Structures are given as C-alpha cells and as structure tokens.
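See structure below.
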Amino acid sequence: MKKLCLLGLFVSLASQSVLADNLPAPIENKDAFISNLMKQMTLEEKIGQLRLISIGPEMPREMIRKEIAAGNIGGTFNSITRDENRPMQDAAMRSRLKIPMFFAYDVIHGHRTIFPIPLALASSWDMDAIYHSGRIAAQEAAADSLDITFAPMVDISRDPRWGRTSEGFGEDTYLVSRIAGVMVKAFQGNGANAADSIMASVKHFALYGAVEGGRDYNTVDMSPVKMYQDYLPPYRAAIDAGAGGVMVALNSINGVPATANTWLMHDLLRKEWGFKGLAVSDHGAIFELIKHGVARDGREAAKLAIKAGIDMSMNDSLYGKELPGLLKSGEIEQSDIDNAVREVLAAKYDMGLFKDPYLRIGKAEDDPADTYAESRLHRADARDVARRSLVLLENRNQTLPLKKSAKIALVGPLAKAPIDMMGSWAAAGRPAQSVTLFDGMTRALGAESKLVYARGANITGDKKVLDYLNFLNFDAPEVVDDPRPAQVLIDEAVKAAKDADVVVAAVGESRGMSHESSSRTELNIPASQRELIKALKATGKPLVLVLMNGRPLSLLEEQQQADAILETWFSGTEGGNAIADVLFGDYNPSGKLPITFPRSVGQIPTYYNHLSIGRPFTPGKPGNYTSQYFDDITGPLYPFGYGLSYTEFSLSDMALSSTTLNKTGKLDASVTLENTGKRDGETVVQLYIQDVTGSIIRPVKELKNFRKVMLKAGEKKVIHFTITEDDLKFFNAQLQYAAEPGKFNVQIGLDSQDVKQQSFELL
Ligand code: BGC
C-alpha cells in the first residue's frame, strides 16, 4: 500500500515536470519518464496520442482545441505558423496530463525559402550545398513552430513516368544514400531536441519508387536481393544518421501493403536495423488496407496496422474507432497499443517537447510581425544552391554563355512562372516571392536590357490535361492558360525571335506534372511547346532551351533542334537569378545528372547500373540476338552522371596502387584531372566498380565514390580514391553482406559512360 502511494507521488511529479522549468529527476531519464506517464494514461488518452490530423483552412478550430484538451489528438500537420499552433499547444497544456502536441509538415526542399527540388539538389552532387539547404529549411520551419518533417524522401526511382521522381534524389543507391544521411543530419542539426532543428522522418518505407509501370500507388513486386542491394540502403542510411521517424509507404510489397507488413516493420526495420523511433502511416493508408484487399473492414484494417507496428495513423479515425473494441475482444493486446504510444511519446521527448512544449512556438511577443517578411528568407543561399544544381546538357558552338549585350528573345510558358519555379511540395513558399526566369534575366541585364518576351505557347494544349493539373491543386488554377489561339502565340514568339540575336525558350512541365499522383505515359515536352520549338528552330536563330521539369524527359528532337540545353529542374525561390547566373556566365555550370535520360519511354528502365546479361549489346557491333530494341539506338540519351561545363576537363593517367587487394587492405585509385579550357570550373569525378564474377550476377558497374573538384583554367590535380573491401560488399542469394574474392574493374569518369578502367583482384 505504502509502495503504491510512493509510486503515485512519483508519477504526479513526473506529470508536473511536463511544464515545470525546474525539473525533477524523472524527465532526465527518458524511459522512466515515459513509463510513469503511461501509467497515468487512460486507454482513450493513449489512443488519442496515436492520432495525427491534417489541419485545413476549413476545419473548426474550436472543436479541434476541445479534442486536444480532451487528450484525443497527438499531433497535427499542415498548421504552420506560431500563432496557429500556439492555441493548440495551449489546449494540450489544459489536458489532464499536459502531454504536448507536435506539429509536422512536409518540409521537403525548403520551408519559406524554397530550394531546388530534391532531384535538382542531387544534381549538384554537392553534399555541403545539400546540407546547407536542409539546415536552412529546418531553421525556418522550427522558427515557424514546426517540430518534425516528413522528409527526406529517399525512394529510388528508376521509372521517370512516376511523378514523384521529382521528390527523390534519383536512381542511384549510393548517391541517394549519401544524400539521405546528409539531409537527416541537416534537419536534425545538433539534435532533434534543439530549438532550431526539426525531426526527420524518412519516407516512404519502403520501395515506393518501384511502383509498377511508374504508376503512382501501384504494387511493388521485387526480389529480396534487389531490395537489399538497391532499394533499402537509402532508408537505412537515413536511420543510421539518426532519423527519428519513418513514414510508411502507401504501396504493397510482394503482396502485402507496407502498412500491414510485419516483415517490413518488425523484422526488418525494428529487429534487423534496430530502429527505435516513430512509425507514421501515410495519409489514410490504414483505411486503404480495405481497398488493397487485405482487410475486410475498418476494424480489421486497424488491427493489421497496429499489429504491424504503425504507431500513428495519419488522417483516418480507425484507431480511435476500432482499437478499444479490438482490445476488449482480445484480438489485439494492450502491449500493441502501448508500444505505439511509447514511440509517440518518445518522439515528443526527443523533439524536446516535454521539457518545453513551446520550444519552437516561442512567446507571442516574439512572433514575426509578418510571417512572410522578406527578411525571413535566405535568398543568397538559395541562389547559390540553385546554380550548383543546374545541368548543362548541350552547348554547340559555345552558344552559352550569352552576351549581355545581345538582343535576346525570351519565350515559353515557363519564362514567367513563379509557381512552377518552386516545384511541387513547396512547403510554405510563396509564388510572389519566387524569382522567375524573366525577372532573373531582366535584373542581370539591368538598364541596358534588350530582352523581348513572348509567351509562345501554353503548357499544354490538351484541355483534359489542363483540367487535371488544375484539379490537383487547390489554390485556384495554378496552370494559367492564355486563351489566344496556339498559332497566334507562336507567331508572336517567332516575330520576337526573328528580331533577336538569340532565343531562350523556357519549356518543359508545369510543376504539377511532376508531383504525387502525376504519372505520365509520355516523357516528352507537351505538343503545344514542341510546336513552338519547331517554329523557333525554323527562324535559324541560335536556340537555347531552358528546361523546367521534375523528371527526365525524352528529348530526341529537341536535342537536335537546340544549340544549347540547360536542365534547370524546378530551382526554387531564387531560380530565375540562378539560371540567369549560368546563362550569362556569371556561374559556370557544374551539375551532373542523378538519373538517366532515356531516348524514349519505350526504353524504360534505363538506369545505368543494371545487371550483366548473357547477350549484351555491343556498341558498334550491330547484330541479331543481342539485348537491344532494334528500332532505336541502344543506350540512353544522356547517361547518369553526365553534365557539361563552360570549360573542358580531361582525365588521364588512371592508376591503381596495386593489382591486388587484401581483405583488410586499402587500394588507391588515382587519376589526373585537368581543366584544359579557358575558364575556372567545377566538375564531379566519379568512381565506379564492377564485380566481374560473383556467386550471383552483379551490376555492370556501381557508383562507389565521387568528388566535386574546382580547378582554375589550365590547372591539373591528381584525384585519389581509397578502395577497401567494404566497397566491394553486396548481398548474396542468402542476403549475407560480404565481398567475394575475384576480379574487379575500377572505372573513373566524368559521367558513368565515358570512363578510364583498371582492374585488380580481391584476394
Ligand atoms: C504523401 C506523403 C505526405 C503526406 C502528408 C501523402 O499524400 O504521400 O508523402 O507526407 O501526404 O502531406
């Protein structure tokens, strides 16, 4: 009896500690603190913690606050300002146990200052720049009271038909894994409990990028070796870097939806990888278990999800509705609920919210007078990161850089497109604050500007596509359509082109074309814009294409028509300035493709690191019975790792320090990089390795390291890479991760195709 009373005292002290500044001991001991708190919680309060709700403008705030005060909500997403979130946290502090709320958001590539889309960030191959973008995003989000982001998105994507290709970091396991770790560290800074950090919640676990046919939400069927070798490492890298959360994918994996997948969530994530954090479902995913056809009804869906270890349910009410009954009937155990609650509370603890529920909300008197104030943006940083992410694909006759004295015709539906410039998942970015290409070029040219603008074409002439794009976005038609006939638009642009020295055409996709639920069957630039390009080409004027798009496009015709092509993706708030910097040569482009550009949709998949085959196609040796499509050239339009510069680089004298490597030894691979051109510039030296013979078939090559190097004009540098046994390991048929003795080819190049090669033997 006495023991019980003491326990009661201890527990009530612990609950007081939620608010107190002078904390009693238990809060310092995370496990004890959470256990004590859980002992005081009713079943309803526990289930309340598992509920994550989306806050829309139309939602009744008063009712939400009442629910929070009753202990029925654990966190929100989409409420993104301090004055919006403070009353909700106040409500939580009025609840019986004063358990703080957390506030989440999709901070994917910037918060208020929008950085280039993730695919573009990856194109920079610049880990410092990527880190910097993530750190600023975290600081801005934290300053707006946010505690956690649903990012990074590290789904490997090898099928550019998938609209979410834009949101990931490309096709390569090594590159995406490196970036995954960098982004987690950037978001979480000195710890997810720091006032200027947000917790990272890596997504979409797992294999979402491999949806069949690139059609969003479709099924995934994949061999275990391929999963372990190619698709799982980026999630693992994010978790090893300390990601506090995981968002579970909407897709199924080999017949079992991720949301109900005990192998995925228990055996792999928790047991094999030792993940200790929060698992959040994706939007409505528990309910969708019924549609997947693995749950009869909501009750069974809730049971499958909680049993699989889905801690928080995003935006469906099934846990609240069904868990009490499931518990009563014995279909689930108290420990199923408790484990989930423990993870939610632990995440809140790790975000620093038990010590200070207002850690990121701050005091009302410190709220920014204007949430959208210019002074809150990080423009210089965004511009710098953006220009590092641009990829020069073509530059015939040194069409670029442009002379500022030239008379330039700027045309195309994306030249004045502030919304598109930000790309999809643009968090709290405001179109009015984004610099369009027109703005950027006009500013760069200053008073002497001889720039003439004509729209030239609409994004699409297909009404159905237009309606779809505008339906997808709630903030009123984001794809604006010029009602004039297509020919009138083209004629106007052609007239401007004829009067100019050079034509710059900003063409590609609207941002909504590369988004969630925006899978495409074609990868070309829409027909309305292709007509424009054709007409511009016919003027005979030098033609520069500035591409904006969120996925590789098939550019066969355009590659022939254009004199220069600059891939700019969707480059963010400062996109227009960054692109102008490159167009006018104030910055020498250094980006490299993080994903292969196919020649046509029919070639997909075209990822560079495919497995060896028995009848490979040999370039230059046409013949039947080799692996090829006979009706087109075999190979990509632009390979992985490709990108030009305004200067030229050459590689020579590749050498290995030895022809053998011991299991515990090191090998040095070196190459001389020379800037043989007339300008200073940066490039990316890439190291690929091929395991020539293995117990199972190995890829033709795999990226294993890279270095971004700046060289002055005429400068030479020897670049060294260290190779150890670790670089040679892979998952064999038994899923053991080990290297096998034998021959390895080492390739060094400035892209994945044009490489120097040397070999060694692993002893
Ligand atoms: C997406 C997630 C996102 C969530 C919340 C879902 O539709 O798949 O990536 O985090 O919405 O916005």
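Residue numbering restarts at 1 for every chain of the structure tokens, chains are lettered A, B, ... in their displayed order, and ligands are numbered from 1 as they appear.
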
Q: Skip stretch 333-344 of chain A itself and residues of its chain fewer than 3 positions away, then list as a VMD selection string all residues within 10 Å of it, counting only C-alpha atoms.
A: chain A and resid 31 34 to 35 37 to 38 43 45 to 51 74 to 75 102 244 to 245 276 to 280 303 306 to 312 319 323 to 324 326 to 330 347 to 350

For chain A against ligand 1, with a cut-off of 12 Å and counting only C-alpha atoms and all ligand atoms, what is the closest atom pair and its distance in Å to one decimal for every residue that makes the cut, ordered by chain and number, as JSON lines?
{"residue": "A:Leu52", "atom": "CA", "partner": "ligand 1", "partner_atom_place_in_ligand_line": "5 (C)", "distance": 10.4}
{"residue": "A:Ile53", "atom": "CA", "partner": "ligand 1", "partner_atom_place_in_ligand_line": "5 (C)", "distance": 9.9}
{"residue": "A:Ser54", "atom": "CA", "partner": "ligand 1", "partner_atom_place_in_ligand_line": "5 (C)", "distance": 8.0}
{"residue": "A:Ile55", "atom": "CA", "partner": "ligand 1", "partner_atom_place_in_ligand_line": "12 (O)", "distance": 10.6}
{"residue": "A:Gly56", "atom": "CA", "partner": "ligand 1", "partner_atom_place_in_ligand_line": "12 (O)", "distance": 11.4}
{"residue": "A:Thr76", "atom": "CA", "partner": "ligand 1", "partner_atom_place_in_ligand_line": "5 (C)", "distance": 10.4}
{"residue": "A:Phe77", "atom": "CA", "partner": "ligand 1", "partner_atom_place_in_ligand_line": "5 (C)", "distance": 7.5}
{"residue": "A:Asn78", "atom": "CA", "partner": "ligand 1", "partner_atom_place_in_ligand_line": "12 (O)", "distance": 7.6}
{"residue": "A:Ser79", "atom": "CA", "partner": "ligand 1", "partner_atom_place_in_ligand_line": "12 (O)", "distance": 11.3}
{"residue": "A:Ala104", "atom": "CA", "partner": "ligand 1", "partner_atom_place_in_ligand_line": "5 (C)", "distance": 9.0}
{"residue": "A:Tyr105", "atom": "CA", "partner": "ligand 1", "partner_atom_place_in_ligand_line": "12 (O)", "distance": 7.0}
{"residue": "A:Asp106", "atom": "CA", "partner": "ligand 1", "partner_atom_place_in_ligand_line": "10 (O)", "distance": 5.6}
{"residue": "A:Val107", "atom": "CA", "partner": "ligand 1", "partner_atom_place_in_ligand_line": "10 (O)", "distance": 9.0}
{"residue": "A:Ile108", "atom": "CA", "partner": "ligand 1", "partner_atom_place_in_ligand_line": "10 (O)", "distance": 9.1}
{"residue": "A:Ile148", "atom": "CA", "partner": "ligand 1", "partner_atom_place_in_ligand_line": "10 (O)", "distance": 11.0}
{"residue": "A:Thr149", "atom": "CA", "partner": "ligand 1", "partner_atom_place_in_ligand_line": "10 (O)", "distance": 8.2}
{"residue": "A:Phe150", "atom": "CA", "partner": "ligand 1", "partner_atom_place_in_ligand_line": "10 (O)", "distance": 5.1}
{"residue": "A:Ala151", "atom": "CA", "partner": "ligand 1", "partner_atom_place_in_ligand_line": "10 (O)", "distance": 7.5}
{"residue": "A:Pro152", "atom": "CA", "partner": "ligand 1", "partner_atom_place_in_ligand_line": "9 (O)", "distance": 9.6}
{"residue": "A:Met153", "atom": "CA", "partner": "ligand 1", "partner_atom_place_in_ligand_line": "9 (O)", "distance": 7.6}
{"residue": "A:Val154", "atom": "CA", "partner": "ligand 1", "partner_atom_place_in_ligand_line": "9 (O)", "distance": 10.8}
{"residue": "A:Asp155", "atom": "CA", "partner": "ligand 1", "partner_atom_place_in_ligand_line": "9 (O)", "distance": 10.7}
{"residue": "A:Gly163", "atom": "CA", "partner": "ligand 1", "partner_atom_place_in_ligand_line": "8 (O)", "distance": 11.6}
{"residue": "A:Arg164", "atom": "CA", "partner": "ligand 1", "partner_atom_place_in_ligand_line": "9 (O)", "distance": 9.2}
{"residue": "A:Glu167", "atom": "CA", "partner": "ligand 1", "partner_atom_place_in_ligand_line": "9 (O)", "distance": 9.2}
{"residue": "A:Gly168", "atom": "CA", "partner": "ligand 1", "partner_atom_place_in_ligand_line": "9 (O)", "distance": 10.8}
{"residue": "A:Ala200", "atom": "CA", "partner": "ligand 1", "partner_atom_place_in_ligand_line": "10 (O)", "distance": 11.6}
{"residue": "A:Ser201", "atom": "CA", "partner": "ligand 1", "partner_atom_place_in_ligand_line": "10 (O)", "distance": 9.3}
{"residue": "A:Val202", "atom": "CA", "partner": "ligand 1", "partner_atom_place_in_ligand_line": "10 (O)", "distance": 9.7}
{"residue": "A:Lys203", "atom": "CA", "partner": "ligand 1", "partner_atom_place_in_ligand_line": "9 (O)", "distance": 7.1}
{"residue": "A:His204", "atom": "CA", "partner": "ligand 1", "partner_atom_place_in_ligand_line": "9 (O)", "distance": 6.9}
{"residue": "A:Phe205", "atom": "CA", "partner": "ligand 1", "partner_atom_place_in_ligand_line": "9 (O)", "distance": 10.5}
{"residue": "A:Tyr208", "atom": "CA", "partner": "ligand 1", "partner_atom_place_in_ligand_line": "8 (O)", "distance": 9.5}
{"residue": "A:Gly209", "atom": "CA", "partner": "ligand 1", "partner_atom_place_in_ligand_line": "8 (O)", "distance": 11.5}
{"residue": "A:Asp216", "atom": "CA", "partner": "ligand 1", "partner_atom_place_in_ligand_line": "8 (O)", "distance": 9.8}
{"residue": "A:Tyr217", "atom": "CA", "partner": "ligand 1", "partner_atom_place_in_ligand_line": "8 (O)", "distance": 9.0}
{"residue": "A:Gly245", "atom": "CA", "partner": "ligand 1", "partner_atom_place_in_ligand_line": "10 (O)", "distance": 11.9}
{"residue": "A:Val246", "atom": "CA", "partner": "ligand 1", "partner_atom_place_in_ligand_line": "10 (O)", "distance": 10.5}
{"residue": "A:Met247", "atom": "CA", "partner": "ligand 1", "partner_atom_place_in_ligand_line": "10 (O)", "distance": 7.5}
{"residue": "A:Val248", "atom": "CA", "partner": "ligand 1", "partner_atom_place_in_ligand_line": "2 (C)", "distance": 9.1}
{"residue": "A:Ala249", "atom": "CA", "partner": "ligand 1", "partner_atom_place_in_ligand_line": "8 (O)", "distance": 7.5}
{"residue": "A:Leu250", "atom": "CA", "partner": "ligand 1", "partner_atom_place_in_ligand_line": "8 (O)", "distance": 7.1}
{"residue": "A:Asn251", "atom": "CA", "partner": "ligand 1", "partner_atom_place_in_ligand_line": "8 (O)", "distance": 10.1}
{"residue": "A:Val280", "atom": "CA", "partner": "ligand 1", "partner_atom_place_in_ligand_line": "10 (O)", "distance": 9.6}
{"residue": "A:Ser281", "atom": "CA", "partner": "ligand 1", "partner_atom_place_in_ligand_line": "4 (C)", "distance": 9.0}
{"residue": "A:Asp282", "atom": "CA", "partner": "ligand 1", "partner_atom_place_in_ligand_line": "6 (C)", "distance": 5.7}
{"residue": "A:His283", "atom": "CA", "partner": "ligand 1", "partner_atom_place_in_ligand_line": "6 (C)", "distance": 4.9}
{"residue": "A:Gly284", "atom": "CA", "partner": "ligand 1", "partner_atom_place_in_ligand_line": "7 (O)", "distance": 8.3}
{"residue": "A:Ala285", "atom": "CA", "partner": "ligand 1", "partner_atom_place_in_ligand_line": "6 (C)", "distance": 9.1}
{"residue": "A:Ser313", "atom": "CA", "partner": "ligand 1", "partner_atom_place_in_ligand_line": "5 (C)", "distance": 11.5}
{"residue": "A:Met314", "atom": "CA", "partner": "ligand 1", "partner_atom_place_in_ligand_line": "5 (C)", "distance": 8.0}
{"residue": "A:Asn315", "atom": "CA", "partner": "ligand 1", "partner_atom_place_in_ligand_line": "5 (C)", "distance": 9.1}
{"residue": "A:Ser424", "atom": "CA", "partner": "ligand 1", "partner_atom_place_in_ligand_line": "9 (O)", "distance": 11.4}
{"residue": "A:Trp425", "atom": "CA", "partner": "ligand 1", "partner_atom_place_in_ligand_line": "12 (O)", "distance": 8.7}
{"residue": "A:Ala426", "atom": "CA", "partner": "ligand 1", "partner_atom_place_in_ligand_line": "12 (O)", "distance": 11.4}
{"residue": "A:Ala427", "atom": "CA", "partner": "ligand 1", "partner_atom_place_in_ligand_line": "12 (O)", "distance": 9.8}
{"residue": "A:Leu472", "atom": "CA", "partner": "ligand 1", "partner_atom_place_in_ligand_line": "7 (O)", "distance": 11.9}
{"residue": "A:His515", "atom": "CA", "partner": "ligand 1", "partner_atom_place_in_ligand_line": "8 (O)", "distance": 10.0}
{"residue": "A:Glu516", "atom": "CA", "partner": "ligand 1", "partner_atom_place_in_ligand_line": "8 (O)", "distance": 6.9}
{"residue": "A:Ser517", "atom": "CA", "partner": "ligand 1", "partner_atom_place_in_ligand_line": "7 (O)", "distance": 8.8}

**Q.** For atom CA of A:Phe33 and atom CA of A:Phe103, the interatomic separation in Å (one decimal)
**A.** 21.7 Å

Q) Any idea what's packed within 8 Å of A:Ala295, counting only C-alpha atoms, ignoring anything in its chain fewer than 6 positions away? Could you give it as JSON, numbers by chain? A) {"A": [289, 301, 304]}

**Q.** Nearest candidate to A:Ile290 (options A:Asn36, A:Asn193, A:Thr647, A:Thr259; using only C-alpha atoms)
**A.** A:Thr259

Q) Neighbours of A:Gln529 within 12 Å (only C-alpha atoms; same-chain residues fewer than 2 positions away dropped), as a ChimeraX atom specification? A) /A:411-414,455-462,486-487,489-490,493,505-510,524-527,531-536,545,547,558

Determine, counting only C-alpha atoms, which protein, DNA and RNA residues have an atom within 7 Å of an atom of stretch 389-392 of chain A; residues of the same chain fewer than 4 positions away are not included. Present the result as an mmCIF file with N, CA and C atoms, in the first residue's frame.
data_model
loop_
_atom_site.group_PDB
_atom_site.id
_atom_site.type_symbol
_atom_site.label_atom_id
_atom_site.label_comp_id
_atom_site.auth_asym_id
_atom_site.auth_seq_id
_atom_site.Cartn_x
_atom_site.Cartn_y
_atom_site.Cartn_z
ATOM 1 N N ALA A 120 16.907 18.001 -58.245
ATOM 2 C CA ALA A 120 17.874 19.037 -58.612
ATOM 3 C C ALA A 120 18.986 19.128 -57.571
ATOM 4 N N LEU A 121 18.609 19.037 -56.304
ATOM 5 C CA LEU A 121 19.650 19.056 -55.259
ATOM 6 C C LEU A 121 20.655 17.947 -55.525
ATOM 7 N N SER A 123 21.411 16.736 -58.300
ATOM 8 C CA SER A 123 22.205 17.074 -59.490
ATOM 9 C C SER A 123 23.431 17.907 -59.147
ATOM 10 N N SER A 124 23.420 18.510 -57.979
ATOM 11 C CA SER A 124 24.592 19.303 -57.583
ATOM 12 C C SER A 124 25.746 18.397 -57.168
ATOM 13 N N VAL A 385 22.769 27.575 -53.984
ATOM 14 C CA VAL A 385 22.470 26.141 -54.117
ATOM 15 C C VAL A 385 21.835 25.879 -55.483
ATOM 16 N N ILE A 565 21.203 23.343 -74.295
ATOM 17 C CA ILE A 565 20.111 22.928 -73.396
ATOM 18 C C ILE A 565 20.620 23.006 -71.966
ATOM 19 N N LEU A 566 19.886 23.740 -71.159
ATOM 20 C CA LEU A 566 20.224 23.812 -69.739
ATOM 21 C C LEU A 566 19.079 23.180 -68.946
ATOM 22 N N GLU A 567 19.381 22.110 -68.239
ATOM 23 C CA GLU A 567 18.373 21.456 -67.392
ATOM 24 C C GLU A 567 18.337 22.193 -66.059
ATOM 25 N N THR A 568 17.202 22.815 -65.765
ATOM 26 C CA THR A 568 17.138 23.609 -64.520
ATOM 27 C C THR A 568 16.180 22.994 -63.500
ATOM 28 N N PRO A 589 28.390 26.243 -65.001
ATOM 29 C CA PRO A 589 27.584 25.102 -64.525
ATOM 30 C C PRO A 589 28.431 23.883 -64.176
ATOM 31 N N SER A 590 27.980 23.173 -63.141
ATOM 32 C CA SER A 590 28.776 22.046 -62.633
ATOM 33 C C SER A 590 27.914 20.853 -62.257
ATOM 34 N N GLY A 591 26.605 20.915 -62.533
ATOM 35 C CA GLY A 591 25.710 19.822 -62.129
ATOM 36 C C GLY A 591 25.870 18.596 -63.019
ATOM 37 N N LYS A 592 25.517 17.460 -62.480
ATOM 38 C CA LYS A 592 25.579 16.181 -63.204
ATOM 39 C C LYS A 592 24.267 15.440 -62.965
ATOM 40 N N LEU A 593 23.813 14.708 -63.953
ATOM 41 C CA LEU A 593 22.513 14.045 -63.831
ATOM 42 C C LEU A 593 22.532 12.949 -62.764
ATOM 43 N N GLY A 643 27.044 15.806 -67.462
ATOM 44 C CA GLY A 643 26.779 17.247 -67.399
ATOM 45 C C GLY A 643 27.998 18.001 -67.892
ATOM 46 N N LEU A 644 27.778 19.050 -68.696
ATOM 47 C CA LEU A 644 28.889 19.807 -69.289
ATOM 48 C C LEU A 644 29.230 21.028 -68.445
ATOM 49 N N SER A 645 30.271 21.703 -68.883
ATOM 50 C CA SER A 645 30.734 22.914 -68.218
ATOM 51 C C SER A 645 31.092 23.908 -69.305
#

Q. Atom CA of A:Gly352 to atom CA of A:Arg96: how many Å, to one decimal?
A. 19.9 Å

Q: Extract, using only C-alpha atoms, all DNA, RNA and protein residues at most 7 Å from A:Gly572, discarding same-chain residues fewer than 5 positions from it, and format them as a PyMOL selection string.
A: chain A and resi 114-116+421-423+434

Test item: residues at most 10 Å from A:Ser252, only C-alpha atoms, excluding those fewer than 2 positions along its chain, as a PDB file with N, CA, C and O atoms, in the first residue's frame:
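What landed in selection24.pdb:
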ATOM      1  N   ALA A 206       8.435   1.110 -47.610  1.00  0.00           N
ATOM      2  CA  ALA A 206       9.621   1.086 -48.432  1.00  0.00           C
ATOM      3  C   ALA A 206       9.254   0.807 -49.885  1.00  0.00           C
ATOM      4  O   ALA A 206       8.163   0.333 -50.183  1.00  0.00           O
ATOM      5  N   LEU A 207      10.233   1.134 -50.754  1.00  0.00           N
ATOM      6  CA  LEU A 207      10.212   0.760 -52.170  1.00  0.00           C
ATOM      7  C   LEU A 207       9.156   1.505 -52.987  1.00  0.00           C
ATOM      8  O   LEU A 207       8.801   1.086 -54.085  1.00  0.00           O
ATOM      9  N   TYR A 208       8.669   2.620 -52.477  1.00  0.00           N
ATOM     10  CA  TYR A 208       7.595   3.345 -53.168  1.00  0.00           C
ATOM     11  C   TYR A 208       8.005   3.725 -54.583  1.00  0.00           C
ATOM     12  O   TYR A 208       7.180   3.769 -55.494  1.00  0.00           O
ATOM     13  N   VAL A 211       7.034   1.445 -57.869  1.00  0.00           N
ATOM     14  CA  VAL A 211       5.661   1.081 -58.242  1.00  0.00           C
ATOM     15  C   VAL A 211       5.602   0.661 -59.711  1.00  0.00           C
ATOM     16  O   VAL A 211       6.219   1.292 -60.568  1.00  0.00           O
ATOM     17  N   TYR A 217       1.047   4.775 -56.595  1.00  0.00           N
ATOM     18  CA  TYR A 217       0.274   3.933 -55.656  1.00  0.00           C
ATOM     19  C   TYR A 217       0.157   2.484 -56.129  1.00  0.00           C
ATOM     20  O   TYR A 217      -0.532   1.685 -55.501  1.00  0.00           O
ATOM     21  N   ASN A 218       0.790   2.153 -57.240  1.00  0.00           N
ATOM     22  CA  ASN A 218       0.669   0.794 -57.765  1.00  0.00           C
ATOM     23  C   ASN A 218       1.459  -0.191 -56.878  1.00  0.00           C
ATOM     24  O   ASN A 218       2.177   0.202 -55.959  1.00  0.00           O
ATOM     25  N   THR A 219       1.338  -1.457 -57.201  1.00  0.00           N
ATOM     26  CA  THR A 219       2.005  -2.502 -56.412  1.00  0.00           C
ATOM     27  C   THR A 219       3.510  -2.539 -56.688  1.00  0.00           C
ATOM     28  O   THR A 219       3.975  -2.026 -57.694  1.00  0.00           O
ATOM     29  N   VAL A 220       4.232  -3.172 -55.769  1.00  0.00           N
ATOM     30  CA  VAL A 220       5.666  -3.408 -55.961  1.00  0.00           C
ATOM     31  C   VAL A 220       5.936  -4.891 -55.739  1.00  0.00           C
ATOM     32  O   VAL A 220       5.517  -5.455 -54.724  1.00  0.00           O
ATOM     33  N   ASP A 221       6.604  -5.472 -56.688  1.00  0.00           N
ATOM     34  CA  ASP A 221       6.986  -6.873 -56.575  1.00  0.00           C
ATOM     35  C   ASP A 221       8.481  -6.922 -56.833  1.00  0.00           C
ATOM     36  O   ASP A 221       8.930  -6.497 -57.887  1.00  0.00           O
ATOM     37  N   ALA A 249       5.132   3.500 -46.475  1.00  0.00           N
ATOM     38  CA  ALA A 249       4.695   3.728 -47.856  1.00  0.00           C
ATOM     39  C   ALA A 249       3.255   3.286 -48.087  1.00  0.00           C
ATOM     40  O   ALA A 249       2.716   2.435 -47.379  1.00  0.00           O
ATOM     41  N   LEU A 250       2.658   3.847 -49.118  1.00  0.00           N
ATOM     42  CA  LEU A 250       1.280   3.513 -49.469  1.00  0.00           C
ATOM     43  C   LEU A 250       1.182   2.205 -50.255  1.00  0.00           C
ATOM     44  O   LEU A 250       0.124   1.589 -50.316  1.00  0.00           O
ATOM     45  N   ASN A 254       5.428  -7.220 -52.511  1.00  0.00           N
ATOM     46  CA  ASN A 254       5.244  -8.658 -52.705  1.00  0.00           C
ATOM     47  C   ASN A 254       3.938  -9.159 -52.090  1.00  0.00           C
ATOM     48  O   ASN A 254       3.899 -10.166 -51.374  1.00  0.00           O
ATOM     49  N   GLY A 255       2.897  -8.400 -52.341  1.00  0.00           N
ATOM     50  CA  GLY A 255       1.567  -8.845 -51.954  1.00  0.00           C
ATOM     51  C   GLY A 255       1.076  -8.389 -50.592  1.00  0.00           C
ATOM     52  O   GLY A 255      -0.075  -8.657 -50.235  1.00  0.00           O
ATOM     53  N   VAL A 256       1.909  -7.697 -49.832  1.00  0.00           N
ATOM     54  CA  VAL A 256       1.455  -7.227 -48.518  1.00  0.00           C
ATOM     55  C   VAL A 256       1.668  -5.709 -48.431  1.00  0.00           C
ATOM     56  O   VAL A 256       2.799  -5.237 -48.571  1.00  0.00           O
ATOM     57  N   PRO A 257       0.603  -4.945 -48.213  1.00  0.00           N
ATOM     58  CA  PRO A 257       0.783  -3.493 -48.092  1.00  0.00           C
ATOM     59  C   PRO A 257       1.788  -3.160 -46.989  1.00  0.00           C
ATOM     60  O   PRO A 257       1.803  -3.818 -45.934  1.00  0.00           O
ATOM     61  N   ALA A 258       2.611  -2.168 -47.237  1.00  0.00           N
ATOM     62  CA  ALA A 258       3.621  -1.787 -46.230  1.00  0.00           C
ATOM     63  C   ALA A 258       2.960  -1.515 -44.883  1.00  0.00           C
ATOM     64  O   ALA A 258       3.503  -1.847 -43.821  1.00  0.00           O
ATOM     65  N   THR A 259       1.770  -0.942 -44.917  1.00  0.00           N
ATOM     66  CA  THR A 259       1.076  -0.546 -43.688  1.00  0.00           C
ATOM     67  C   THR A 259       0.622  -1.753 -42.860  1.00  0.00           C
ATOM     68  O   THR A 259       0.265  -1.607 -41.697  1.00  0.00           O
ATOM     69  N   ALA A 260       0.605  -2.922 -43.479  1.00  0.00           N
ATOM     70  CA  ALA A 260       0.200  -4.126 -42.728  1.00  0.00           C
ATOM     71  C   ALA A 260       1.327  -5.154 -42.729  1.00  0.00           C
ATOM     72  O   ALA A 260       1.105  -6.319 -42.438  1.00  0.00           O
ATOM     73  N   ASN A 261       2.527  -4.694 -43.041  1.00  0.00           N
ATOM     74  CA  ASN A 261       3.606  -5.621 -43.350  1.00  0.00           C
ATOM     75  C   ASN A 261       4.499  -5.874 -42.131  1.00  0.00           C
ATOM     76  O   ASN A 261       5.403  -5.095 -41.832  1.00  0.00           O
ATOM     77  N   LEU A 289      -6.151  -0.216 -46.489  1.00  0.00           N
ATOM     78  CA  LEU A 289      -5.924  -1.664 -46.410  1.00  0.00           C
ATOM     79  C   LEU A 289      -7.166  -2.426 -46.879  1.00  0.00           C
ATOM     80  O   LEU A 289      -7.073  -3.558 -47.360  1.00  0.00           O
ATOM     81  N   HIS A 292      -6.873  -2.301 -50.653  1.00  0.00           N
ATOM     82  CA  HIS A 292      -5.831  -3.246 -51.084  1.00  0.00           C
ATOM     83  C   HIS A 292      -6.385  -4.672 -51.112  1.00  0.00           C
ATOM     84  O   HIS A 292      -5.867  -5.535 -51.798  1.00  0.00           O
TER      85      HIS A 292
END

Q: Give me every strand (DSSP E) residue in stretch 476-576 of chain A, going by DSSP on the backbone, as a PyMOL selection string.
A: chain A and resi 502-508+543-548+564-567

Q: Please indicate the distance in Å from atom CA of A:Phe640 to atom CA of A:Ile595, rounded to one decimal place.
A: 5.1 Å

(Q) Using only C-alpha atoms, can you tell me which of A:Asp367, A:Glu67, A:Asp467, A:Asp230 comes closest to A:Thr81? (A) A:Asp367

Q: If you run DSSP over the backbone, which residues in stretch 185-399 of chain A end up alpha helix (DSSP H)? Put them as a PyMOL selection string.
A: chain A and resi 185-188+224-226+233-240+262+288-292+298-308+318-328+334-350+379-388

Q) Hey, which of A:Pro477, A:Gly749, A:Pro741, A:Gly214 ends up closest to A:Thr672? Count only C-alpha atoms. A)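 Under the stated criterion, the closest residue is A:Gly749.
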